[in-house]
Structure formats: structure tokens, C-alpha cells
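S.K.: Sharing run.cif (mmCIF, C-alpha atoms and all ligand atoms; chains and numbers go by the auth columns) below.
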data_protein
#
loop_
_atom_site.group_PDB
_atom_site.id
_atom_site.type_symbol
_atom_site.label_atom_id
_atom_site.label_comp_id
_atom_site.label_asym_id
_atom_site.label_seq_id
_atom_site.Cartn_x
_atom_site.Cartn_y
_atom_site.Cartn_z
_atom_site.B_iso_or_equiv
_atom_site.auth_seq_id
_atom_site.auth_asym_id
ATOM 1 C CA MET A 1 -96.832 207.218 -69.082 0.00 1 A
ATOM 2 C CA THR A 2 -97.605 206.400 -65.465 0.00 2 A
ATOM 3 C CA LYS A 3 -94.869 206.757 -62.904 0.00 3 A
ATOM 4 C CA GLU A 4 -95.521 204.196 -60.286 0.00 4 A
ATOM 5 C CA ILE A 5 -93.806 202.792 -57.283 0.00 5 A
ATOM 6 C CA CYS A 6 -94.492 199.834 -55.029 0.00 6 A
ATOM 7 C CA TRP A 7 -93.930 200.728 -51.395 0.00 7 A
ATOM 8 C CA ASN A 8 -93.535 197.843 -48.938 0.00 8 A
ATOM 9 C CA ILE A 9 -94.058 200.239 -46.066 0.00 9 A
ATOM 10 C CA THR A 10 -93.797 197.637 -43.312 0.00 10 A
ATOM 11 C CA ALA A 11 -92.301 194.168 -43.093 0.00 11 A
ATOM 12 C CA LEU A 12 -94.743 193.309 -40.306 0.00 12 A
ATOM 13 C CA CYS A 13 -97.708 191.114 -41.084 0.00 13 A
ATOM 14 C CA ASN A 14 -100.608 189.641 -39.139 0.00 14 A
ATOM 15 C CA GLN A 15 -100.766 186.543 -41.329 0.00 15 A
ATOM 16 C CA SER A 16 -98.107 183.865 -41.741 0.00 16 A
ATOM 17 C CA CYS A 17 -98.408 182.674 -45.317 0.00 17 A
ATOM 18 C CA LYS A 18 -95.907 179.902 -45.740 0.00 18 A
ATOM 19 C CA TYR A 19 -95.210 180.926 -49.342 0.00 19 A
ATOM 20 C CA CYS A 20 -94.530 184.557 -48.430 0.00 20 A
ATOM 21 C CA HIS A 21 -91.520 186.128 -50.129 0.00 21 A
ATOM 22 C CA ARG A 22 -91.611 189.543 -48.505 0.00 22 A
ATOM 23 C CA PHE A 23 -88.423 191.020 -47.090 0.00 23 A
ATOM 24 C CA LEU A 24 -88.295 190.072 -43.410 0.00 24 A
ATOM 25 C CA ASN A 25 -86.724 191.652 -40.324 0.00 25 A
ATOM 26 C CA LEU A 26 -86.818 195.277 -41.376 0.00 26 A
ATOM 27 C CA LYS A 27 -87.621 197.886 -38.748 0.00 27 A
ATOM 28 C CA ASN A 28 -90.442 200.308 -39.478 0.00 28 A
ATOM 29 C CA LEU A 29 -89.535 203.915 -40.029 0.00 29 A
ATOM 30 C CA SER A 30 -91.310 206.599 -38.020 0.00 30 A
ATOM 31 C CA TYR A 31 -94.304 208.534 -39.331 0.00 31 A
ATOM 32 C CA GLU A 32 -92.072 211.562 -39.967 0.00 32 A
ATOM 33 C CA GLU A 33 -89.567 209.502 -41.926 0.00 33 A
ATOM 34 C CA ASN A 34 -92.280 207.915 -44.060 0.00 34 A
ATOM 35 C CA LEU A 35 -93.784 211.342 -44.644 0.00 35 A
ATOM 36 C CA LYS A 36 -90.398 212.483 -45.899 0.00 36 A
ATOM 37 C CA ILE A 37 -90.315 209.549 -48.329 0.00 37 A
ATOM 38 C CA LEU A 38 -93.844 210.338 -49.499 0.00 38 A
ATOM 39 C CA TYR A 39 -92.872 213.939 -50.292 0.00 39 A
ATOM 40 C CA ASN A 40 -89.786 212.646 -52.056 0.00 40 A
ATOM 41 C CA LEU A 41 -92.058 210.495 -54.251 0.00 41 A
ATOM 42 C CA ILE A 42 -94.435 213.383 -54.890 0.00 42 A
ATOM 43 C CA ASP A 43 -91.562 215.739 -55.784 0.00 43 A
ATOM 44 C CA SER A 44 -90.120 213.097 -58.086 0.00 44 A
ATOM 45 C CA GLY A 45 -93.328 212.977 -60.114 0.00 45 A
ATOM 46 C CA VAL A 46 -94.652 209.607 -58.948 0.00 46 A
ATOM 47 C CA ASP A 47 -98.356 209.456 -59.797 0.00 47 A
ATOM 48 C CA HIS A 48 -99.306 205.926 -58.692 0.00 48 A
ATOM 49 C CA ILE A 49 -98.358 204.308 -55.390 0.00 49 A
ATOM 50 C CA THR A 50 -99.054 200.707 -54.501 0.00 50 A
ATOM 51 C CA TRP A 51 -99.104 200.485 -50.707 0.00 51 A
ATOM 52 C CA THR A 52 -98.208 197.078 -49.419 0.00 52 A
ATOM 53 C CA GLY A 53 -96.059 195.261 -46.902 0.00 53 A
ATOM 54 C CA GLY A 54 -96.163 192.998 -45.004 0.00 54 A
ATOM 55 C CA GLU A 55 -99.580 194.278 -44.111 0.00 55 A
ATOM 56 C CA ALA A 56 -99.651 198.031 -44.658 0.00 56 A
ATOM 57 C CA LEU A 57 -102.789 198.511 -42.526 0.00 57 A
ATOM 58 C CA MET A 58 -100.759 197.519 -39.462 0.00 58 A
ATOM 59 C CA LEU A 59 -99.481 201.091 -39.490 0.00 59 A
ATOM 60 C CA ASP A 60 -102.254 203.054 -37.842 0.00 60 A
ATOM 61 C CA TYR A 61 -100.963 206.259 -39.440 0.00 61 A
ATOM 62 C CA LEU A 62 -101.229 204.749 -42.929 0.00 62 A
ATOM 63 C CA ASP A 63 -104.627 206.438 -43.296 0.00 63 A
ATOM 64 C CA ASP A 64 -102.983 209.878 -42.898 0.00 64 A
ATOM 65 C CA LEU A 65 -100.348 209.080 -45.520 0.00 65 A
ATOM 66 C CA LEU A 66 -103.054 207.887 -47.912 0.00 66 A
ATOM 67 C CA LYS A 67 -104.935 211.137 -47.453 0.00 67 A
ATOM 68 C CA ILE A 68 -101.863 213.298 -48.076 0.00 68 A
ATOM 69 C CA SER A 69 -100.998 211.222 -51.119 0.00 69 A
ATOM 70 C CA TYR A 70 -104.565 211.487 -52.460 0.00 70 A
ATOM 71 C CA ASP A 71 -104.653 215.253 -51.844 0.00 71 A
ATOM 72 C CA LYS A 72 -101.493 215.563 -53.944 0.00 72 A
ATOM 73 C CA GLY A 73 -103.232 213.861 -56.860 0.00 73 A
ATOM 74 C CA ILE A 74 -101.648 210.432 -56.556 0.00 74 A
ATOM 75 C CA LYS A 75 -103.665 207.331 -57.387 0.00 75 A
ATOM 76 C CA ASN A 76 -103.361 204.989 -54.444 0.00 76 A
ATOM 77 C CA LYS A 77 -103.695 201.244 -54.583 0.00 77 A
ATOM 78 C CA LEU A 78 -103.749 199.298 -51.347 0.00 78 A
ATOM 79 C CA ILE A 79 -102.884 195.609 -51.275 0.00 79 A
ATOM 80 C CA THR A 80 -104.173 193.993 -48.101 0.00 80 A
ATOM 81 C CA ASN A 81 -104.972 190.626 -46.600 0.00 81 A
ATOM 82 C CA GLY A 82 -108.103 192.311 -45.224 0.00 82 A
ATOM 83 C CA ARG A 83 -107.807 191.326 -41.567 0.00 83 A
ATOM 84 C CA LEU A 84 -107.580 194.938 -40.376 0.00 84 A
ATOM 85 C CA LEU A 85 -109.954 196.306 -42.959 0.00 85 A
ATOM 86 C CA THR A 86 -112.858 196.859 -40.612 0.00 86 A
ATOM 87 C CA ARG A 87 -116.003 198.578 -41.779 0.00 87 A
ATOM 88 C CA ASN A 88 -114.970 201.753 -39.976 0.00 88 A
ATOM 89 C CA ARG A 89 -111.617 201.716 -41.665 0.00 89 A
ATOM 90 C CA ILE A 90 -113.186 201.150 -45.081 0.00 90 A
ATOM 91 C CA ASP A 91 -115.469 204.145 -44.457 0.00 91 A
ATOM 92 C CA LYS A 92 -112.433 206.215 -43.522 0.00 92 A
ATOM 93 C CA ILE A 93 -110.022 205.366 -46.324 0.00 93 A
ATOM 94 C CA TYR A 94 -112.010 204.307 -49.385 0.00 94 A
ATOM 95 C CA LYS A 95 -112.163 207.894 -50.668 0.00 95 A
ATOM 96 C CA TYR A 96 -108.365 208.070 -50.799 0.00 96 A
ATOM 97 C CA LEU A 97 -108.055 204.858 -52.770 0.00 97 A
ATOM 98 C CA ASP A 98 -108.361 204.226 -56.471 0.00 98 A
ATOM 99 C CA ASN A 99 -108.062 200.490 -55.969 0.00 99 A
ATOM 100 C CA ILE A 100 -108.179 198.040 -53.133 0.00 100 A
ATOM 101 C CA THR A 101 -106.619 194.664 -53.793 0.00 101 A
ATOM 102 C CA LEU A 102 -107.622 191.790 -51.531 0.00 102 A
ATOM 103 C CA SER A 103 -105.463 188.694 -51.227 0.00 103 A
ATOM 104 C CA ILE A 104 -107.339 185.417 -51.227 0.00 104 A
ATOM 105 C CA ASP A 105 -106.246 182.008 -52.487 0.00 105 A
ATOM 106 C CA SER A 106 -109.118 179.754 -51.458 0.00 106 A
ATOM 107 C CA ILE A 107 -112.609 179.730 -50.021 0.00 107 A
ATOM 108 C CA ASP A 108 -111.778 176.593 -48.039 0.00 108 A
ATOM 109 C CA ASN A 109 -111.018 177.241 -44.364 0.00 109 A
ATOM 110 C CA VAL A 110 -108.780 174.184 -44.069 0.00 110 A
ATOM 111 C CA ILE A 111 -106.676 175.265 -47.032 0.00 111 A
ATOM 112 C CA ASN A 112 -106.474 178.831 -45.766 0.00 112 A
ATOM 113 C CA GLU A 113 -105.231 177.579 -42.428 0.00 113 A
ATOM 114 C CA ALA A 114 -102.694 175.292 -44.091 0.00 114 A
ATOM 115 C CA LEU A 115 -101.439 178.207 -46.192 0.00 115 A
ATOM 116 C CA GLY A 116 -100.937 180.277 -43.035 0.00 116 A
ATOM 117 C CA ARG A 117 -103.712 182.803 -43.717 0.00 117 A
ATOM 118 C CA GLY A 118 -105.856 181.609 -40.828 0.00 118 A
ATOM 119 C CA LYS A 119 -109.118 179.718 -40.853 0.00 119 A
ATOM 120 C CA TYR A 120 -111.334 182.829 -40.850 0.00 120 A
ATOM 121 C CA HIS A 121 -109.692 184.398 -43.860 0.00 121 A
ATOM 122 C CA PHE A 122 -112.458 183.584 -46.300 0.00 122 A
ATOM 123 C CA LYS A 123 -115.143 185.028 -43.975 0.00 123 A
ATOM 124 C CA GLU A 124 -113.095 188.198 -43.544 0.00 124 A
ATOM 125 C CA ILE A 125 -112.747 188.738 -47.293 0.00 125 A
ATOM 126 C CA GLN A 126 -116.400 187.877 -47.901 0.00 126 A
ATOM 127 C CA SER A 127 -117.472 190.420 -45.308 0.00 127 A
ATOM 128 C CA ILE A 128 -115.371 193.162 -46.955 0.00 128 A
ATOM 129 C CA LEU A 129 -116.758 192.397 -50.406 0.00 129 A
ATOM 130 C CA GLU A 130 -120.308 192.384 -49.059 0.00 130 A
ATOM 131 C CA TYR A 131 -119.815 195.701 -47.305 0.00 131 A
ATOM 132 C CA ILE A 132 -118.236 197.565 -50.242 0.00 132 A
ATOM 133 C CA THR A 133 -120.967 196.207 -52.519 0.00 133 A
ATOM 134 C CA GLU A 134 -123.717 197.215 -50.114 0.00 134 A
ATOM 135 C CA LYS A 135 -122.315 200.721 -49.673 0.00 135 A
ATOM 136 C CA LYS A 136 -121.792 201.108 -53.449 0.00 136 A
ATOM 137 C CA TYR A 137 -118.433 202.731 -52.786 0.00 137 A
ATOM 138 C CA ASP A 138 -116.795 204.046 -55.933 0.00 138 A
ATOM 139 C CA ILE A 139 -113.583 202.060 -55.782 0.00 139 A
ATOM 140 C CA LYS A 140 -112.028 199.387 -57.959 0.00 140 A
ATOM 141 C CA ILE A 141 -111.742 196.038 -56.237 0.00 141 A
ATOM 142 C CA SER A 142 -109.033 193.667 -57.344 0.00 142 A
ATOM 143 C CA ILE A 143 -108.013 190.240 -56.174 0.00 143 A
ATOM 144 C CA ASN A 144 -104.554 188.711 -55.811 0.00 144 A
ATOM 145 C CA THR A 145 -104.302 184.936 -55.715 0.00 145 A
ATOM 146 C CA VAL A 146 -101.282 182.668 -55.441 0.00 146 A
ATOM 147 C CA ILE A 147 -101.709 179.243 -56.984 0.00 147 A
ATOM 148 C CA CYS A 148 -99.661 176.523 -55.387 0.00 148 A
ATOM 149 C CA LYS A 149 -99.893 172.804 -54.682 0.00 149 A
ATOM 150 C CA LEU A 150 -102.355 173.272 -51.803 0.00 150 A
ATOM 151 C CA ASN A 151 -105.062 175.229 -53.636 0.00 151 A
ATOM 152 C CA LEU A 152 -104.474 174.065 -57.212 0.00 152 A
ATOM 153 C CA HIS A 153 -107.676 172.024 -57.354 0.00 153 A
ATOM 154 C CA ASP A 154 -109.751 174.469 -55.397 0.00 154 A
ATOM 155 C CA VAL A 155 -109.233 177.726 -57.291 0.00 155 A
ATOM 156 C CA CYS A 156 -112.283 177.160 -59.502 0.00 156 A
ATOM 157 C CA SER A 157 -114.484 177.357 -56.385 0.00 157 A
ATOM 158 C CA LEU A 158 -112.838 180.679 -55.598 0.00 158 A
ATOM 159 C CA SER A 159 -113.586 181.796 -59.152 0.00 159 A
ATOM 160 C CA ASN A 160 -117.287 180.930 -58.739 0.00 160 A
ATOM 161 C CA PHE A 161 -117.389 182.846 -55.494 0.00 161 A
ATOM 162 C CA LEU A 162 -115.779 185.938 -57.032 0.00 162 A
ATOM 163 C CA ASN A 163 -118.328 185.901 -59.854 0.00 163 A
ATOM 164 C CA ILE A 164 -120.926 187.161 -57.363 0.00 164 A
ATOM 165 C CA TYR A 165 -119.132 190.491 -56.975 0.00 165 A
ATOM 166 C CA ASN A 166 -118.130 193.362 -59.192 0.00 166 A
ATOM 167 C CA ILE A 167 -114.423 192.647 -59.332 0.00 167 A
ATOM 168 C CA TRP A 168 -112.318 194.959 -61.496 0.00 168 A
ATOM 169 C CA SER A 169 -109.333 192.648 -61.980 0.00 169 A
ATOM 170 C CA TRP A 170 -107.821 189.409 -60.817 0.00 170 A
ATOM 171 C CA ARG A 171 -104.072 188.886 -60.743 0.00 171 A
ATOM 172 C CA ILE A 172 -103.109 185.251 -60.477 0.00 172 A
ATOM 173 C CA PHE A 173 -99.578 184.439 -59.371 0.00 173 A
ATOM 174 C CA LYS A 174 -97.815 181.153 -59.796 0.00 174 A
ATOM 175 C CA PHE A 175 -96.080 180.248 -56.549 0.00 175 A
ATOM 176 C CA MET A 176 -92.568 181.710 -56.783 0.00 176 A
ATOM 177 C CA PRO A 177 -89.676 180.664 -54.556 0.00 177 A
ATOM 178 C CA LEU A 178 -88.181 184.143 -54.683 0.00 178 A
ATOM 179 C CA ARG A 179 -86.853 184.703 -51.194 0.00 179 A
ATOM 180 C CA GLU A 180 -87.275 183.993 -47.448 0.00 180 A
ATOM 181 C CA LYS A 181 -90.055 181.486 -46.506 0.00 181 A
ATOM 182 C CA ALA A 182 -90.970 180.867 -50.130 0.00 182 A
ATOM 183 C CA ILE A 183 -87.527 179.350 -50.694 0.00 183 A
ATOM 184 C CA THR A 184 -87.615 177.280 -47.486 0.00 184 A
ATOM 185 C CA ASN A 185 -91.050 175.840 -48.306 0.00 185 A
ATOM 186 C CA LYS A 186 -90.546 175.374 -52.025 0.00 186 A
ATOM 187 C CA GLU A 187 -91.167 171.606 -51.913 0.00 187 A
ATOM 188 C CA ILE A 188 -94.568 172.042 -50.236 0.00 188 A
ATOM 189 C CA PHE A 189 -95.912 174.596 -52.690 0.00 189 A
ATOM 190 C CA ASP A 190 -94.192 174.390 -56.046 0.00 190 A
ATOM 191 C CA ILE A 191 -96.241 173.576 -59.156 0.00 191 A
ATOM 192 C CA SER A 192 -95.218 173.188 -62.775 0.00 192 A
ATOM 193 C CA MET A 193 -95.826 175.766 -65.468 0.00 193 A
ATOM 194 C CA ASP A 194 -98.087 173.261 -67.161 0.00 194 A
ATOM 195 C CA GLU A 195 -100.272 172.843 -64.047 0.00 195 A
ATOM 196 C CA PHE A 196 -100.468 176.600 -63.684 0.00 196 A
ATOM 197 C CA SER A 197 -101.424 177.233 -67.318 0.00 197 A
ATOM 198 C CA LYS A 198 -104.144 174.578 -67.274 0.00 198 A
ATOM 199 C CA ILE A 199 -105.834 175.970 -64.206 0.00 199 A
ATOM 200 C CA VAL A 200 -105.595 179.559 -65.473 0.00 200 A
ATOM 201 C CA ASN A 201 -107.217 178.496 -68.761 0.00 201 A
ATOM 202 C CA GLU A 202 -110.016 176.856 -66.829 0.00 202 A
ATOM 203 C CA ILE A 203 -110.510 179.987 -64.748 0.00 203 A
ATOM 204 C CA ARG A 204 -110.586 182.196 -67.829 0.00 204 A
ATOM 205 C CA LYS A 205 -113.422 180.099 -69.244 0.00 205 A
ATOM 206 C CA LYS A 206 -115.561 180.362 -66.119 0.00 206 A
ATOM 207 C CA SER A 207 -114.776 183.726 -64.629 0.00 207 A
ATOM 208 C CA LEU A 208 -116.911 186.807 -65.206 0.00 208 A
ATOM 209 C CA ILE A 209 -113.985 189.049 -64.332 0.00 209 A
ATOM 210 C CA GLN A 210 -112.871 190.931 -67.441 0.00 210 A
ATOM 211 C CA ASN A 211 -109.299 191.679 -66.455 0.00 211 A
ATOM 212 C CA ILE A 212 -107.399 188.560 -65.507 0.00 212 A
ATOM 213 C CA ASP A 213 -103.628 188.597 -65.680 0.00 213 A
ATOM 214 C CA THR A 214 -100.914 186.312 -64.455 0.00 214 A
ATOM 215 C CA ARG A 215 -97.469 186.548 -62.927 0.00 215 A
ATOM 216 C CA VAL A 216 -94.867 183.835 -63.232 0.00 216 A
ATOM 217 C CA GLU A 217 -91.144 183.674 -62.533 0.00 217 A
ATOM 218 C CA GLU A 218 -90.192 185.214 -65.886 0.00 218 A
ATOM 219 C CA ASP A 219 -92.130 188.354 -65.007 0.00 219 A
ATOM 220 C CA MET A 220 -89.759 188.874 -62.102 0.00 220 A
ATOM 221 C CA GLU A 221 -86.903 188.985 -64.606 0.00 221 A
ATOM 222 C CA LYS A 222 -88.122 192.362 -65.725 0.00 222 A
ATOM 223 C CA LYS A 223 -86.785 195.217 -63.686 0.00 223 A
ATOM 224 C CA TYR A 224 -89.105 196.674 -61.090 0.00 224 A
ATOM 225 C CA VAL A 225 -88.559 199.107 -58.251 0.00 225 A
ATOM 226 C CA LEU A 226 -89.545 198.644 -54.637 0.00 226 A
ATOM 227 C CA ILE A 227 -89.220 200.814 -51.584 0.00 227 A
ATOM 228 C CA LEU A 228 -88.779 198.704 -48.459 0.00 228 A
ATOM 229 C CA ALA A 229 -89.892 199.361 -44.894 0.00 229 A
ATOM 230 C CA ASN A 230 -86.507 200.872 -44.003 0.00 230 A
ATOM 231 C CA GLY A 231 -86.598 203.159 -47.040 0.00 231 A
ATOM 232 C CA ASP A 232 -84.167 201.110 -49.127 0.00 232 A
ATOM 233 C CA ILE A 233 -84.759 201.327 -52.860 0.00 233 A
ATOM 234 C CA VAL A 234 -84.446 197.859 -54.323 0.00 234 A
ATOM 235 C CA ILE A 235 -84.431 196.874 -57.959 0.00 235 A
ATOM 236 C CA THR A 236 -85.283 193.250 -58.657 0.00 236 A
ATOM 237 C CA ASN A 237 -83.760 192.094 -61.888 0.00 237 A
ATOM 238 C CA GLN A 238 -83.633 188.495 -63.103 0.00 238 A
ATOM 239 C CA GLY A 239 -84.820 187.328 -59.684 0.00 239 A
ATOM 240 C CA LYS A 240 -82.005 189.115 -57.834 0.00 240 A
ATOM 241 C CA ASP A 241 -82.557 192.020 -55.457 0.00 241 A
ATOM 242 C CA GLU A 242 -80.161 194.920 -55.609 0.00 242 A
ATOM 243 C CA LYS A 243 -80.201 197.853 -53.194 0.00 243 A
ATOM 244 C CA VAL A 244 -79.578 200.995 -55.205 0.00 244 A
ATOM 245 C CA GLY A 245 -80.266 203.684 -52.610 0.00 245 A
ATOM 246 C CA ASN A 246 -82.555 204.861 -49.833 0.00 246 A
ATOM 247 C CA ALA A 247 -85.663 206.952 -50.423 0.00 247 A
ATOM 248 C CA LEU A 248 -84.983 209.011 -47.285 0.00 248 A
ATOM 249 C CA ILE A 249 -81.981 210.608 -48.946 0.00 249 A
ATOM 250 C CA ASP A 250 -81.956 209.705 -52.632 0.00 250 A
ATOM 251 C CA ARG A 251 -84.140 211.291 -55.289 0.00 251 A
ATOM 252 C CA MET A 252 -86.409 208.873 -57.117 0.00 252 A
ATOM 253 C CA GLU A 253 -86.495 210.332 -60.644 0.00 253 A
ATOM 254 C CA LYS A 254 -83.996 207.957 -62.157 0.00 254 A
ATOM 255 C CA TYR A 255 -85.833 204.871 -60.913 0.00 255 A
ATOM 256 C CA ILE A 256 -89.361 205.601 -62.099 0.00 256 A
HETATM 257 S S1 LIG B . -98.158 186.870 -48.338 0.00 1 B
HETATM 258 FE FE1 LIG B . -98.908 188.871 -47.686 0.00 1 B
HETATM 259 S S2 LIG B . -100.445 188.440 -46.101 0.00 1 B
HETATM 260 FE FE2 LIG B . -99.225 186.582 -46.376 0.00 1 B
HETATM 261 S S3 LIG B . -97.621 186.707 -44.790 0.00 1 B
HETATM 262 FE FE3 LIG B . -96.790 187.574 -46.709 0.00 1 B
HETATM 263 S S4 LIG B . -97.179 189.763 -46.552 0.00 1 B
HETATM 264 FE FE4 LIG B . -98.520 188.733 -45.042 0.00 1 B
#
What does the file become when written as C-alpha cells?
M.R.:
Amino acid sequence: MTKEICWNITALCNQSCKYCHRFLNLKNLSYEENLKILYNLIDSGVDHITWTGGEALMLDYLDDLLKISYDKGIKNKLITNGRLLTRNRIDKIYKYLDNITLSIDSIDNVINEALGRGKYHFKEIQSILEYITEKKYDIKISINTVICKLNLHDVCSLSNFLNIYNIWSWRIFKFMPLREKAITNKEIFDISMDEFSKIVNEIRKKSLIQNIDTRVEEDMEKKYVLILANGDIVITNQGKDEKVGNALIDRMEKYI
């Protein structure tokens, strides 16, 4: 059985998605403190780490942590909005990664701007996909997409676009008003379960991607463990977040 952890290593982000439900206003720990957490995870037997944020690549020392983690035999998955994933950085870190997950919700610049991702987001993701394909890097590429009111009728165009590339998996989230901005902007983004299911069925018919899975509110009712930017260990259960410790001082065995 895999022992995995999702590490929201920074609350900082260089995009401003209006449906974002990350934990806000948490100060970053230092490199040394994050290194201590990483060794705690390694000693606790964690074998898969999902590195996310915020935008994890905003930490310039992330690359070092990825290398240490990789050298210790951990499978690393990086979730990124791609803005800081320059070609140089891909060259540097791809070998430490088992999977790179790119977040994209639309190929339409107007929609991307309205969502808060910025009007160049599609170009940025396209450039990354082109580069990894051209270099034939041995790494799984996954896609995360949030479906909401603004991109509901546009996701099939995204699906056609993704068909060009060798995408390992596509995780499609229904917009979820879980916390922070996502709660404030619920009216702008919320869609019904019926709308979500219909569009996912349509995607499944057209997409060439073999592994497509979905996440809806009920999935958040299962327990899962996060480490936040300040080291807090949080268990989300039935949509409620509960701090159960801090990875700087508490062992992780009982949570994984
Ligand atoms: S959804 Fe992701 S990329 Fe968008 S603001 Fe939140 S953390 Fe940043």
C-alpha cells in the first residue's frame, strides 16, 4: 500500500484563481525547517509526496528538496500552474519527478483571465507540453481541471487540445466552495451535479486520455491528510479542516 502525503509547501501563488480554496495567509517555513519536515516524512515511511501550494515552484529551493526526496526513493508528483516552469527548470527537475500535473481549465484566453489565471495561461501550458514532448522526457504528465460556470461550455475544446499530447491522466474537479475565495465567489462559479456529470460524460466520449477521474464534494468527505506551509498537519473530514499536529515536531506514522 502506498503511503502518500500532500504537502502544500507554500501558500503563496502567482495566479489569482477566483475559485481557489487553498489555505491563505500562512508564512513560509525556512529551507532548514522544510528539510526537517522532509526527513520526518522519509523516516515515517512516506513513499509518495505530492508537492503543491499555492504554487510550489515559487520556492527556489524546491528543486533541492525534490532531489533529496528522489534520492531517498520517494516518488514525487508536482502540481503546478506552470508559470514558473521554464525550460531550464524542466531540464533541472524532471529527473526527480514521477509525475508533473499541470492545471488548466480552458484554452480560451478570455476565460482564463476571468478565472484569474491570466490571459497567457494557455500559451504557457502549451509551451510546456510542447517542450516535454519534444525532449521525450520520461515523466508522466497529468492535467487538473476545475469545471465551473465560466468554462462549462468550453471544456470540450480543452479536451480536443489535450488529445494532441501524451497525457497520462486527467483529473476533473467540480467547483467546490470549500474555503476562502471559493466560498466568497460561490455564486459566480457553482454548477449543479447534473451539469457536471453531463459534461464529464461528453469528455469521456471524446478524450483519448485513458485515465480520467473526477472529484466532487463527496470525495472531500473522505479523510485525507495535508501538510500546510507552516508545517501544520490538517485532516479534512466531511468538508471540515482539523489541525491534528505539526510536522516539524510530530511523527507522521499515524496519519499515513
Ligand atoms: S487554484 Fe492553484 S494556481 Fe490558482 S490561485 Fe489557487 S493555488 Fe494558485
S.K.: List all protein, DNA and RNA residues that have an atom no more than 12 Å from any atom of ligand LIG 1 (chain B), counting all atoms listed in the file, and report them as JSON, numbers by chain.
M.R.: {"A": [8, 9, 10, 11, 12, 13, 14, 15, 16, 17, 18, 19, 20, 21, 22, 23, 24, 51, 52, 53, 54, 55, 56, 57, 58, 79, 80, 81, 82, 83, 84, 101, 102, 103, 104, 105, 112, 113, 115, 116, 117, 118, 121, 144, 145, 146, 173, 175, 176, 179, 180, 181, 182]}
S.K.: Take the residues just selected and output them with C-alpha atoms as a short mmCIF file (atom, residue, chain, number, x, y, z; two decimals), keeping the file's coordinate frame.
M.R.:
data_model
loop_
_atom_site.label_atom_id
_atom_site.label_comp_id
_atom_site.auth_asym_id
_atom_site.auth_seq_id
_atom_site.Cartn_x
_atom_site.Cartn_y
_atom_site.Cartn_z
CA ASN A 8 -93.54 197.84 -48.94
CA ILE A 9 -94.06 200.24 -46.07
CA THR A 10 -93.80 197.64 -43.31
CA ALA A 11 -92.30 194.17 -43.09
CA LEU A 12 -94.74 193.31 -40.31
CA CYS A 13 -97.71 191.11 -41.08
CA ASN A 14 -100.61 189.64 -39.14
CA GLN A 15 -100.77 186.54 -41.33
CA SER A 16 -98.11 183.86 -41.74
CA CYS A 17 -98.41 182.67 -45.32
CA LYS A 18 -95.91 179.90 -45.74
CA TYR A 19 -95.21 180.93 -49.34
CA CYS A 20 -94.53 184.56 -48.43
CA HIS A 21 -91.52 186.13 -50.13
CA ARG A 22 -91.61 189.54 -48.50
CA PHE A 23 -88.42 191.02 -47.09
CA LEU A 24 -88.30 190.07 -43.41
CA TRP A 51 -99.10 200.48 -50.71
CA THR A 52 -98.21 197.08 -49.42
CA GLY A 53 -96.06 195.26 -46.90
CA GLY A 54 -96.16 193.00 -45.00
CA GLU A 55 -99.58 194.28 -44.11
CA ALA A 56 -99.65 198.03 -44.66
CA LEU A 57 -102.79 198.51 -42.53
CA MET A 58 -100.76 197.52 -39.46
CA ILE A 79 -102.88 195.61 -51.28
CA THR A 80 -104.17 193.99 -48.10
CA ASN A 81 -104.97 190.63 -46.60
CA GLY A 82 -108.10 192.31 -45.22
CA ARG A 83 -107.81 191.33 -41.57
CA LEU A 84 -107.58 194.94 -40.38
CA THR A 101 -106.62 194.66 -53.79
CA LEU A 102 -107.62 191.79 -51.53
CA SER A 103 -105.46 188.69 -51.23
CA ILE A 104 -107.34 185.42 -51.23
CA ASP A 105 -106.25 182.01 -52.49
CA ASN A 112 -106.47 178.83 -45.77
CA GLU A 113 -105.23 177.58 -42.43
CA LEU A 115 -101.44 178.21 -46.19
CA GLY A 116 -100.94 180.28 -43.04
CA ARG A 117 -103.71 182.80 -43.72
CA GLY A 118 -105.86 181.61 -40.83
CA HIS A 121 -109.69 184.40 -43.86
CA ASN A 144 -104.55 188.71 -55.81
CA THR A 145 -104.30 184.94 -55.72
CA VAL A 146 -101.28 182.67 -55.44
CA PHE A 173 -99.58 184.44 -59.37
CA PHE A 175 -96.08 180.25 -56.55
CA MET A 176 -92.57 181.71 -56.78
CA ARG A 179 -86.85 184.70 -51.19
CA GLU A 180 -87.28 183.99 -47.45
CA LYS A 181 -90.06 181.49 -46.51
CA ALA A 182 -90.97 180.87 -50.13
#
S.K.: One number please: CA of Ile147 in chain A to CA of Arg215 in chain A, in Å, one decimal.
M.R.: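 Distance reported for this atom pair: 10.3 Å.
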S.K.: With distances taken over only C-alpha atoms, which residue among A:Asn151, A:Asn99, A:Asn88, A:Asn34 lies nearest Ile191 in chain A?
M.R.: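 Once distances to Ile191 in chain A are computed over only C-alpha atoms, the minimum belongs to A:Asn151.
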S.K.: One decimal, Å: what's the distance from CA of Cys6 in chain A over to CA of Thr50 in chain A, could you say?
M.R.: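 Going from CA of Cys6 in chain A over to CA of Thr50 in chain A, I get 4.7 Å.
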S.K.: Please list as a list in words every residue within 10 Å of Trp168 in chain A, counting all atoms listed in the file and excluding residues in the same chain fewer than 5 positions away.
M.R.: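 The neighbour list is Asn99, Ile100, Thr101, Ile139, Lys140, Ile141, Ser142, Ile143, Ile209, Gln210, Asn211 and Ile212 of chain A.
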S.K.: Determine, counting all atoms listed in the file, which protein, DNA and RNA residues have an atom within 7 Å of an atom of Ile233 in chain A; residues of the same chain fewer than 3 positions away are not included. Present the result as a list of chain:residue names.
M.R.: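 Those residues are A:Val225, A:Leu226, A:Ile227, A:Leu228, A:Lys243, A:Val244, A:Gly245, A:Asn246, A:Ala247.
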S.K.: Pick out the residues sitting within 10 Å of Gly45 in chain A, and hand them over as a list in words; count only C-alpha atoms, and ignore anything fewer than 3 positions along from it in its own chain.
M.R.: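 Near Gly45 in chain A, the qualifying residues are Thr2, Lys3, Glu4, Tyr39, Asn40, Leu41, Ile42, His48, Ile74, Met252, Glu253 and Ile256 of chain A.
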S.K.: Please measure the separation of CA of Glu218 in chain A and CA of Gly239 in chain A, giving the value in Å to one decimal.
M.R.: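 One can read the CA of Glu218 in chain A to CA of Gly239 in chain A distance as 8.5 Å.
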S.K.: Which residues come within 10 Å of Glu33 in chain A, counting only C-alpha atoms, excluding same-chain residues fewer than 6 positions away, as a list in words?
M.R.: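 Non-adjacent residues within range: Asn230, Gly231, Ala247 and Leu248 of chain A.
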S.K.: Can you give me, as a VMD selection string, the residues this file yields under the PyMOL selection byres (((chain A and resi 153-157) around 12) and not hetatm)?
M.R.: chain A and resid 104 to 112 145 to 152 158 to 164 172 to 173 191 195 to 196 198 to 207
S.K.: With distances taken over all atoms listed in the file, which of A:Tyr96, A:Tyr70, A:Tyr131, A:Phe189 is nearest to Val46 in chain A?
M.R.: A:Tyr70
S.K.: Within 10 Å of (-106.8, 211.7, -57.3), only C-alpha atoms: residues as an NGL selection string?
M.R.: :A and (47-48 or 69-76 or 95-98)
S.K.: Evaluate the PyMOL selection byres (((chain A and resi 92) around 12) and not hetatm) here and jot the selected residues down as a list in words.
M.R.: Leu62, Asp63, Asp64, Leu66, Lys67, Leu85, Thr86, Arg87, Asn88, Arg89, Ile90, Asp91, Ile93, Tyr94, Lys95, Tyr96, Leu97 and Tyr137 of chain A
